[in-house]
>>> print(open('final-v7.pdb').read())   # PDB, C-alpha atoms and all ligand atoms
ATOM      1  CA  MET N 248    -264.495 -16.805  33.390
ATOM      2  CA  THR N 249    -263.575 -20.429  32.688
ATOM      3  CA  LEU N 250    -264.007 -21.248  29.027
ATOM      4  CA  PRO N 251    -265.298 -24.743  28.335
ATOM      5  CA  THR N 252    -263.069 -27.041  26.322
ATOM      6  CA  ARG N 253    -264.678 -27.355  22.911
ATOM      7  CA  ALA N 254    -264.880 -30.035  20.265
ATOM      8  CA  GLN N 255    -263.466 -28.850  16.937
ATOM      9  CA  SER N 256    -266.840 -28.887  15.181
ATOM     10  CA  ALA N 257    -270.437 -30.124  15.290
ATOM     11  CA  GLU N 258    -269.399 -32.842  12.820
ATOM     12  CA  ASP N 259    -266.812 -34.077  15.336
ATOM     13  CA  VAL N 260    -269.478 -34.365  17.992
ATOM     14  CA  ILE N 261    -271.782 -36.297  15.662
ATOM     15  CA  ALA N 262    -268.931 -38.562  14.562
ATOM     16  CA  PHE N 263    -268.007 -39.247  18.190
ATOM     17  CA  TYR N 264    -271.557 -40.314  19.094
ATOM     18  CA  ASN N 265    -271.898 -42.290  15.860
ATOM     19  CA  ALA N 266    -268.875 -44.316  16.977
ATOM     20  CA  HIS N 267    -270.753 -45.447  20.099
ATOM     21  CA  ARG N 268    -271.418 -49.181  20.146
ATOM     22  CA  THR N 269    -272.501 -51.398  23.004
ATOM     23  CA  VAL N 270    -269.754 -54.039  23.042
ATOM     24  CA  ARG N 271    -269.897 -57.383  24.852
ATOM     25  CA  ASN N 272    -266.568 -58.992  23.833
ATOM     26  CA  TYR N 273    -263.354 -57.414  25.042
ATOM     27  CA  VAL N 274    -259.638 -57.859  24.457
ATOM     28  CA  THR N 275    -258.284 -59.872  27.418
ATOM     29  CA  ALA N 276    -254.890 -61.034  28.683
ATOM     30  CA  GLU N 277    -253.659 -64.299  27.106
ATOM     31  CA  ASP N 278    -255.175 -66.410  29.883
ATOM     32  CA  GLY N 279    -258.564 -64.771  29.345
ATOM     33  CA  SER N 280    -258.369 -62.591  32.459
ATOM     34  CA  PRO N 281    -259.273 -58.884  32.264
ATOM     35  CA  LEU N 282    -256.702 -56.603  30.632
ATOM     36  CA  PRO N 283    -256.181 -53.711  33.077
ATOM     37  CA  LEU N 284    -256.661 -50.138  31.894
ATOM     38  CA  PRO N 285    -253.559 -47.910  32.165
ATOM     39  CA  ALA N 286    -253.688 -46.109  35.524
ATOM     40  CA  ASP N 287    -254.202 -42.668  33.953
ATOM     41  CA  HIS N 288    -257.141 -43.951  31.860
ATOM     42  CA  LEU N 289    -258.773 -45.482  34.930
ATOM     43  CA  GLU N 290    -258.239 -42.221  36.800
ATOM     44  CA  ALA N 291    -259.812 -40.252  33.924
ATOM     45  CA  ILE N 292    -262.992 -42.332  33.736
ATOM     46  CA  LEU N 293    -263.484 -42.320  37.520
ATOM     47  CA  HIS N 294    -262.904 -38.559  37.523
ATOM     48  CA  ALA N 295    -265.509 -38.169  34.763
ATOM     49  CA  ALA N 296    -268.040 -40.156  36.794
ATOM     50  CA  GLN N 297    -267.554 -37.906  39.804
ATOM     51  CA  ARG N 298    -267.793 -34.696  37.758
ATOM     52  CA  ALA N 299    -271.395 -35.487  36.822
ATOM     53  CA  PRO N 300    -273.934 -32.845  37.844
ATOM     54  CA  THR N 301    -276.083 -33.860  40.784
ATOM     55  CA  ASP N 302    -279.409 -32.970  42.335
ATOM     56  CA  ALA N 303    -279.324 -30.834  45.503
ATOM     57  CA  THR N 304    -275.509 -31.162  45.638
ATOM     58  CA  ALA N 305    -276.107 -34.609  47.142
ATOM     59  CA  GLN N 306    -274.431 -37.117  44.763
ATOM     60  CA  LEU N 307    -277.027 -39.769  45.432
ATOM     61  CA  TYR N 308    -275.093 -42.623  43.804
ATOM     62  CA  SER N 309    -272.227 -45.027  44.375
ATOM     63  CA  LEU N 310    -270.221 -47.204  42.012
ATOM     64  CA  VAL N 311    -268.984 -50.568  43.213
ATOM     65  CA  ARG N 312    -265.847 -51.464  41.243
ATOM     66  CA  LEU N 313    -265.584 -55.237  40.782
ATOM     67  CA  ILE N 314    -262.030 -56.522  41.037
ATOM     68  CA  ARG N 315    -261.807 -59.979  42.614
ATOM     69  CA  PRO N 316    -262.230 -62.714  39.960
ATOM     70  CA  GLU N 317    -264.706 -64.615  42.138
ATOM     71  CA  VAL N 318    -266.852 -61.494  42.579
ATOM     72  CA  ARG N 319    -266.714 -60.874  38.801
ATOM     73  CA  ALA N 320    -267.693 -64.518  38.188
ATOM     74  CA  GLN N 321    -270.609 -64.419  40.617
ATOM     75  CA  MET N 322    -271.835 -61.135  39.147
ATOM     76  CA  ALA N 323    -271.626 -62.627  35.646
ATOM     77  CA  THR N 324    -273.858 -65.480  36.823
ATOM     78  CA  LEU N 325    -276.294 -63.338  38.810
ATOM     79  CA  THR N 326    -276.760 -60.892  35.924
ATOM     80  CA  THR N 327    -276.632 -63.598  33.196
ATOM     81  CA  ASN N 328    -274.054 -61.395  31.400
ATOM     82  CA  ALA N 329    -270.815 -63.380  30.986
ATOM     83  CA  HIS N 330    -268.727 -60.434  29.807
ATOM     84  CA  ILE N 331    -268.650 -59.003  33.351
ATOM     85  CA  ALA N 332    -265.894 -61.572  34.034
ATOM     86  CA  ALA N 333    -263.654 -60.561  31.118
ATOM     87  CA  ALA N 334    -264.069 -56.777  30.768
ATOM     88  CA  SER N 335    -261.172 -54.521  31.697
ATOM     89  CA  GLU N 336    -263.395 -52.744  34.188
ATOM     90  CA  ALA N 337    -266.769 -53.661  35.656
ATOM     91  CA  PHE N 338    -268.891 -51.532  37.965
ATOM     92  CA  VAL N 339    -272.257 -51.806  39.628
ATOM     93  CA  VAL N 340    -273.880 -48.386  39.384
ATOM     94  CA  CYS N 341    -276.175 -47.789  42.354
ATOM     95  CA  ALA N 342    -278.641 -45.215  43.586
ATOM     96  CA  ASP N 343    -277.343 -44.336  47.061
ATOM     97  CA  VAL N 344    -279.116 -42.225  49.670
ATOM     98  CA  ARG N 345    -277.256 -43.803  52.567
ATOM     99  CA  ARG N 346    -274.258 -41.455  52.406
ATOM    100  CA  VAL N 347    -276.460 -38.351  52.649
ATOM    101  CA  GLN N 348    -278.311 -39.911  55.561
ATOM    102  CA  ARG N 349    -274.908 -40.551  57.225
ATOM    103  CA  VAL N 350    -273.940 -36.886  56.719
ATOM    104  CA  LEU N 351    -277.180 -35.821  58.434
ATOM    105  CA  GLU N 352    -276.642 -38.353  61.213
ATOM    106  CA  VAL N 353    -273.047 -37.330  61.877
ATOM    107  CA  ASN N 354    -274.195 -33.701  61.988
ATOM    108  CA  GLY N 355    -276.982 -34.359  64.479
ATOM    109  CA  GLN N 356    -279.895 -34.138  62.041
ATOM    110  CA  GLN N 357    -282.678 -36.642  61.483
ATOM    111  CA  SER N 358    -283.330 -37.818  57.928
ATOM    112  CA  GLY N 359    -286.822 -37.090  56.598
ATOM    113  CA  HIS N 360    -289.067 -39.685  54.905
ATOM    114  CA  TRP N 361    -288.690 -39.457  51.111
ATOM    115  CA  PRO N 362    -288.456 -42.951  49.548
ATOM    116  CA  ALA N 363    -289.967 -41.894  46.195
ATOM    117  CA  ILE N 364    -287.571 -38.952  45.942
ATOM    118  CA  ALA N 365    -284.723 -41.338  46.807
ATOM    119  CA  VAL N 366    -285.548 -43.517  43.797
ATOM    120  CA  HIS N 367    -286.189 -40.563  41.480
ATOM    121  CA  PHE N 368    -283.030 -38.575  42.141
ATOM    122  CA  GLY N 369    -280.905 -41.559  43.187
ATOM    123  CA  ILE N 370    -281.390 -43.335  39.853
ATOM    124  CA  GLY N 371    -281.000 -40.009  38.020
ATOM    125  CA  ASP N 372    -277.664 -39.274  39.697
ATOM    126  CA  ALA N 373    -276.457 -42.857  39.173
ATOM    127  CA  VAL N 374    -277.250 -42.728  35.457
ATOM    128  CA  MET N 375    -275.510 -39.369  35.031
ATOM    129  CA  ALA N 376    -272.348 -40.615  36.737
ATOM    130  CA  GLY N 377    -272.353 -43.866  34.749
ATOM    131  CA  THR N 378    -272.976 -42.044  31.479
ATOM    132  CA  ASN N 379    -270.083 -39.684  32.167
ATOM    133  CA  LEU N 380    -267.853 -42.689  32.872
ATOM    134  CA  LEU N 381    -268.849 -44.493  29.670
ATOM    135  CA  THR N 382    -268.494 -41.372  27.532
ATOM    136  CA  ALA N 383    -265.049 -40.679  28.971
ATOM    137  CA  ALA N 384    -264.045 -44.281  28.254
ATOM    138  CA  GLU N 385    -265.292 -43.904  24.670
ATOM    139  CA  MET N 386    -263.265 -40.699  24.321
ATOM    140  CA  LEU N 387    -260.204 -42.808  25.211
ATOM    141  CA  GLY N 388    -261.070 -45.430  22.583
ATOM    142  CA  TYR N 389    -262.800 -48.036  24.750
ATOM    143  CA  GLN N 390    -266.350 -49.343  24.448
ATOM    144  CA  GLY N 391    -268.717 -50.613  27.094
ATOM    145  CA  CYS N 392    -272.024 -52.175  27.981
ATOM    146  CA  TRP N 393    -274.699 -51.225  30.472
ATOM    147  CA  ILE N 394    -276.166 -54.310  32.110
ATOM    148  CA  GLY N 395    -279.779 -54.098  33.245
ATOM    149  CA  GLY N 396    -279.385 -57.825  33.837
ATOM    150  CA  VAL N 397    -278.794 -56.899  37.502
ATOM    151  CA  MET N 398    -282.581 -57.174  37.685
ATOM    152  CA  ASN N 399    -282.168 -60.945  37.156
ATOM    153  CA  GLY N 400    -280.439 -61.402  40.518
ATOM    154  CA  LEU N 401    -281.042 -58.328  42.683
ATOM    155  CA  ASP N 402    -281.321 -60.110  46.010
ATOM    156  CA  GLY N 403    -278.091 -62.066  45.466
ATOM    157  CA  ILE N 404    -276.286 -58.925  44.268
ATOM    158  CA  ILE N 405    -277.327 -56.976  47.376
ATOM    159  CA  ASP N 406    -275.933 -59.861  49.481
ATOM    160  CA  LEU N 407    -272.734 -60.261  47.432
ATOM    161  CA  LEU N 408    -271.831 -56.550  47.463
ATOM    162  CA  GLU N 409    -273.103 -56.089  51.042
ATOM    163  CA  LEU N 410    -275.263 -53.141  49.993
ATOM    164  CA  PRO N 411    -276.840 -51.486  53.025
ATOM    165  CA  SER N 412    -280.313 -49.964  53.275
ATOM    166  CA  GLY N 413    -280.567 -46.911  50.995
ATOM    167  CA  VAL N 414    -278.377 -48.408  48.236
ATOM    168  CA  LEU N 415    -280.064 -49.935  45.180
ATOM    169  CA  PRO N 416    -278.261 -51.356  42.113
ATOM    170  CA  PHE N 417    -279.415 -49.666  38.905
ATOM    171  CA  ALA N 418    -277.245 -51.544  36.399
ATOM    172  CA  ALA N 419    -273.743 -52.866  35.895
ATOM    173  CA  LEU N 420    -271.370 -51.227  33.441
ATOM    174  CA  THR N 421    -268.448 -52.923  31.685
ATOM    175  CA  ILE N 422    -265.573 -51.155  29.904
ATOM    176  CA  GLY N 423    -262.833 -52.536  27.676
ATOM    177  CA  THR N 424    -261.204 -52.605  24.269
ATOM    178  CA  SER N 425    -263.563 -54.060  21.705
ATOM    179  CA  ALA N 426    -262.820 -57.512  20.346
ATOM    180  CA  GLU N 427    -265.861 -57.641  18.065
ATOM    181  CA  ASP N 428    -267.223 -56.150  14.895
ATOM    182  CA  THR N 429    -270.327 -54.382  16.151
ATOM    183  CA  PRO N 430    -273.046 -52.921  13.919
ATOM    184  CA  HIS N 431    -274.190 -49.325  14.237
ATOM    185  CA  ARG N 432    -277.619 -49.720  15.835
ATOM    186  CA  PRO N 433    -280.538 -47.514  14.785
ATOM    187  CA  ARG N 434    -282.657 -45.165  16.903
ATOM    188  CA  VAL N 435    -286.340 -44.207  16.788
ATOM    189  CA  PRO N 436    -286.969 -41.323  14.313
ATOM    190  CA  ARG N 437    -286.452 -37.967  15.977
ATOM    191  CA  PRO N 438    -290.025 -36.542  15.796
ATOM    192  CA  LEU N 439    -291.221 -39.351  18.099
ATOM    193  CA  VAL N 440    -288.475 -38.625  20.635
ATOM    194  CA  ILE N 441    -287.745 -34.887  20.549
ATOM    195  CA  HIS N 442    -291.070 -33.074  21.008
ATOM    196  CA  THR N 443    -291.696 -29.416  20.276
ATOM    197  CA  ASP N 444    -293.555 -27.517  23.009
ATOM    198  CA  THR N 445    -296.165 -30.229  23.517
ATOM    199  CA  TYR N 446    -296.008 -34.021  23.548
ATOM    200  CA  HIS N 447    -296.797 -35.876  20.332
ATOM    201  CA  SER N 448    -297.815 -39.548  20.735
ATOM    202  CA  GLY N 449    -297.235 -40.470  17.084
ATOM    203  CA  THR N 450    -299.771 -41.603  14.511
ATOM    204  CA  ASP N 451    -300.100 -45.312  13.733
ATOM    205  CA  ASP N 452    -298.180 -44.722  10.484
ATOM    206  CA  GLU N 453    -295.366 -42.939  12.325
ATOM    207  CA  ILE N 454    -295.161 -45.823  14.809
ATOM    208  CA  ARG N 455    -295.074 -48.380  11.943
ATOM    209  CA  GLU N 456    -292.328 -46.364  10.280
ATOM    210  CA  ALA N 457    -290.364 -46.313  13.543
ATOM    211  CA  VAL N 458    -290.646 -50.101  13.791
ATOM    212  CA  GLU N 459    -289.290 -50.408  10.221
ATOM    213  CA  VAL N 460    -286.353 -48.163  11.105
ATOM    214  CA  MET N 461    -285.663 -50.127  14.296
ATOM    215  CA  ASN N 462    -286.071 -53.659  12.885
ATOM    216  CA  PRO N 463    -282.325 -54.136  12.167
ATOM    217  CA  ILE N 464    -281.573 -53.859  15.914
ATOM    218  CA  ALA N 465    -283.369 -57.182  16.394
ATOM    219  CA  ALA N 466    -281.630 -59.019  13.510
ATOM    220  CA  ARG N 467    -279.662 -62.109  14.549
ATOM    221  CA  GLY N 468    -277.261 -63.604  11.990
ATOM    222  CA  ASP N 469    -279.164 -64.128   8.763
ATOM    223  CA  LYS N 470    -282.566 -63.738  10.448
ATOM    224  CA  PRO N 471    -284.180 -60.356   9.710
ATOM    225  CA  GLY N 472    -285.087 -58.298  12.745
ATOM    226  CA  ASP N 473    -288.559 -57.792  14.207
ATOM    227  CA  TRP N 474    -288.328 -54.970  16.764
ATOM    228  CA  ALA N 475    -291.988 -55.125  17.800
ATOM    229  CA  ARG N 476    -291.516 -58.808  18.606
ATOM    230  CA  LEU N 477    -288.363 -58.050  20.587
ATOM    231  CA  LEU N 478    -290.196 -55.348  22.555
ATOM    232  CA  GLY N 479    -293.017 -57.826  23.146
ATOM    233  CA  ALA N 480    -290.585 -60.335  24.638
ATOM    234  CA  TYR N 481    -289.552 -57.654  27.133
ATOM    235  CA  PHE N 482    -292.693 -55.610  27.728
ATOM    236  CA  ALA N 483    -295.830 -57.522  26.619
ATOM    237  CA  VAL N 484    -297.982 -59.608  28.951
ATOM    238  CA  GLY N 485    -295.849 -62.469  30.239
ATOM    239  CA  GLY N 486    -292.645 -60.750  29.035
ATOM    240  CA  GLY N 487    -289.327 -60.382  30.831
ATOM    241  CA  MET N 488    -290.162 -57.094  32.549
ATOM    242  CA  GLU N 489    -293.247 -58.552  34.258
ATOM    243  CA  GLY N 490    -290.955 -61.319  35.483
ATOM    244  CA  ARG N 491    -288.504 -58.770  36.924
ATOM    245  CA  GLU N 492    -291.152 -56.635  38.644
ATOM    246  CA  PRO N 493    -291.522 -58.684  41.881
ATOM    247  CA  GLY N 494    -287.738 -58.842  42.399
ATOM    248  CA  LEU N 495    -287.419 -55.062  42.062
ATOM    249  CA  VAL N 496    -290.347 -54.398  44.390
ATOM    250  CA  ALA N 497    -288.795 -56.777  46.949
ATOM    251  CA  ALA N 498    -285.403 -55.048  46.619
ATOM    252  CA  LEU N 499    -286.967 -51.587  47.019
ATOM    253  CA  LYS N 500    -288.654 -52.794  50.210
ATOM    254  CA  ARG N 501    -285.464 -54.497  51.452
ATOM    255  CA  GLN N 502    -283.404 -51.337  50.856
ATOM    256  CA  GLY N 503    -285.968 -49.038  52.519
ATOM    257  CA  MET N 504    -286.844 -47.308  49.222
ATOM    258  CA  TRP N 505    -290.453 -48.453  48.737
ATOM    259  CA  ALA N 506    -292.891 -45.537  48.709
ATOM    260  CA  ALA N 507    -296.252 -47.247  48.130
ATOM    261  CA  GLU N 508    -298.592 -47.825  51.035
ATOM    262  CA  GLU N 509    -298.788 -51.449  52.119
TER
HETATM  263  C1  LIG U   1    -279.986 -49.423  31.190
HETATM  264  C2  LIG U   1    -279.439 -50.363  30.151
HETATM  265  C3  LIG U   1    -279.457 -51.728  30.386
HETATM  266  C4  LIG U   1    -278.905 -52.617  29.449
HETATM  267  N1  LIG U   1    -278.838 -53.945  29.750
HETATM  268  C5  LIG U   1    -278.136 -54.785  28.962
HETATM  269  C6  LIG U   1    -277.879 -56.118  29.394
HETATM  270  O1  LIG U   1    -278.291 -56.553  30.482
HETATM  271  N2  LIG U   1    -277.135 -56.916  28.586
HETATM  272  C7  LIG U   1    -276.641 -56.471  27.376
HETATM  273  O2  LIG U   1    -275.944 -57.253  26.711
HETATM  274  N3  LIG U   1    -276.889 -55.206  26.931
HETATM  275  C8  LIG U   1    -277.600 -54.346  27.702
HETATM  276  N4  LIG U   1    -277.794 -53.032  27.329
HETATM  277  C9  LIG U   1    -277.265 -52.555  26.038
HETATM  278  C10 LIG U   1    -278.386 -52.285  25.034
HETATM  279  O3  LIG U   1    -278.844 -53.511  24.535
HETATM  280  C11 LIG U   1    -277.861 -51.358  23.903
HETATM  281  O4  LIG U   1    -277.488 -50.132  24.463
HETATM  282  C12 LIG U   1    -278.931 -51.129  22.839
HETATM  283  O5  LIG U   1    -279.210 -52.320  22.165
HETATM  284  C13 LIG U   1    -278.487 -50.088  21.816
HETATM  285  O6  LIG U   1    -277.279 -50.500  21.200
HETATM  286  P1  LIG U   1    -276.038 -49.499  21.105
HETATM  287  O7  LIG U   1    -275.724 -49.048  22.500
HETATM  288  O8  LIG U   1    -274.906 -50.315  20.508
HETATM  289  O9  LIG U   1    -276.438 -48.371  20.228
HETATM  290  C14 LIG U   1    -278.364 -52.131  28.229
HETATM  291  C15 LIG U   1    -278.382 -50.737  27.982
HETATM  292  C16 LIG U   1    -278.888 -49.867  28.941
HETATM  293  C17 LIG U   1    -278.824 -48.371  28.681
END
>>> encode(input="final-v7.pdb", output="structure tokens", more="lines below")
Ligand SMILES: Cc1cc2nc3c(=O)[nH]c(=O)nc-3n(C[C@H](O)[C@H](O)[C@H](O)COP(=O)(O)O)c2cc1C
Amino acid sequence: MTLPTRAQSAEDVIAFYNAHRTVRNYVTAEDGSPLPLPADHLEAILHAAQRAPTDATAQLYSLVRLIRPEVRAQMATLTTNAHIAAASEAFVVCADVRRVQRVLEVNGQQSGHWPAIAVHFGIGDAVMAGTNLLTAAEMLGYQGCWIGGVMNGLDGIIDLLELPSGVLPFAALTIGTSAEDTPHRPRVPRPLVIHTDTYHSGTDDEIREAVEVMNPIAARGDKPGDWARLLGAYFAVGGGMEGREPGLVAALKRQGMWAAEE
């Protein structure tokens, strides 16, 4: 029997996850170019990504590692996230059902029709691989940032990275040594997130309390935070997510992963 490697204690585990910060400013070389990770650290984080569990043994994801400065620069523009250019490592984490379809093809089998499943398990696998990579990087003392800003330029990203049908960007992911003083950001109180046996929607008071707890995450400089307002800017009528919806629907159709009937 293989014994799992263990953390020293539960406190160690909590301390490790408490040290997590999303970081957007990284230590660079003197000329501002990305500071490479030592080869063994790069190997470790890529290994971690590929050790992620996966649905149906399929590994329905791909990572595109961004190396060329011009590709980094274009991705920074397309995602509206400048730190993609300066991070030690930058990846685009994609759902990918193309490789499985190629395995079927090469083995004389015809792929079935399962676009909704492709999105469901493809995004799931992509997130698990990316999370493993980020956690491994944090174990080595780096910090990172997921970048959902890929939704701001999906069509251009698919062109730039030459993503074929069956491959859909989920998010970018940057890794590097932090060059900023980042606050510890709060989370929604546990009873609204971890449910016991049956789902609990939360009373109005519990929701108000959660907003109070979360308000600091929206603070900017001296201005106190207003989390409900921040969520509104993303998710309310006329918010950023409504703006992103048509681009994602178009990308799903372009990549052959749209399940709805026309
Ligand atoms: C899927 C996903 C997309 C995100 N997109 C962006 C982004 O486009 N730009 C950015 O600066 N941060 C982005 N973030 C980082 C979040 O803002 C950050 O995780 C959140 O505020 C919590 O902060 P913490 O990770 O430091 O605890 C993203 C995080 C996730 C998981």
>>> residues_around(input="final-v7.pdb", residues="Val318 in chain N", least_positions_apart="6", cutoff="12 Å", atoms="only C-alpha atoms", output="number ranges by chain")
N: 311-312, 324-326, 331-333, 337-339, 403-404, 406-409
>>> resolve_selection(input="final-v7.pdb", expression="the PyMOL selection byres (((chain N and resi 363-366) around 9) and not hetatm)", output="PDB file with C-alpha atoms, keeping the file's coordinate frame")
ATOM      1  CA  LEU N 307    -277.027 -39.769  45.432  1.00  0.00           C
ATOM      2  CA  ALA N 342    -278.641 -45.215  43.586  1.00  0.00           C
ATOM      3  CA  ASP N 343    -277.343 -44.336  47.061  1.00  0.00           C
ATOM      4  CA  VAL N 344    -279.116 -42.225  49.670  1.00  0.00           C
ATOM      5  CA  TRP N 361    -288.690 -39.457  51.111  1.00  0.00           C
ATOM      6  CA  PRO N 362    -288.456 -42.951  49.548  1.00  0.00           C
ATOM      7  CA  HIS N 367    -286.189 -40.563  41.480  1.00  0.00           C
ATOM      8  CA  PHE N 368    -283.030 -38.575  42.141  1.00  0.00           C
ATOM      9  CA  GLY N 369    -280.905 -41.559  43.187  1.00  0.00           C
ATOM     10  CA  ILE N 370    -281.390 -43.335  39.853  1.00  0.00           C
ATOM     11  CA  GLY N 371    -281.000 -40.009  38.020  1.00  0.00           C
ATOM     12  CA  GLY N 413    -280.567 -46.911  50.995  1.00  0.00           C
ATOM     13  CA  LEU N 415    -280.064 -49.935  45.180  1.00  0.00           C
ATOM     14  CA  LEU N 499    -286.967 -51.587  47.019  1.00  0.00           C
ATOM     15  CA  MET N 504    -286.844 -47.308  49.222  1.00  0.00           C
ATOM     16  CA  TRP N 505    -290.453 -48.453  48.737  1.00  0.00           C
ATOM     17  CA  ALA N 506    -292.891 -45.537  48.709  1.00  0.00           C
ATOM     18  CA  ALA N 507    -296.252 -47.247  48.130  1.00  0.00           C
TER      19      ALA N 507
END
>>> atom_distance(input="final-v7.pdb", atom1="CA of Thr450 in chain N", atom2="CA of Ala475 in chain N")
15.9 Å
>>> residues_around(input="final-v7.pdb", residues="range 423-431 of chain N", least_positions_apart="4", cutoff="10 Å", atoms="all atoms listed in the file", output="ChimeraX atom specification")
/N:265-275,281-284,333-337,384-385,387-392,463-464
>>> axis_aligned_box(input="final-v7.pdb", around="range 454-458 of chain N", padding_each_side="3 Å", output="lines of an AutoDock Vina configuration file")
center_x = -292.8
center_y = -48.0
center_z = 12.5
size_x = 10.8
size_y = 10.3
size_z = 10.5
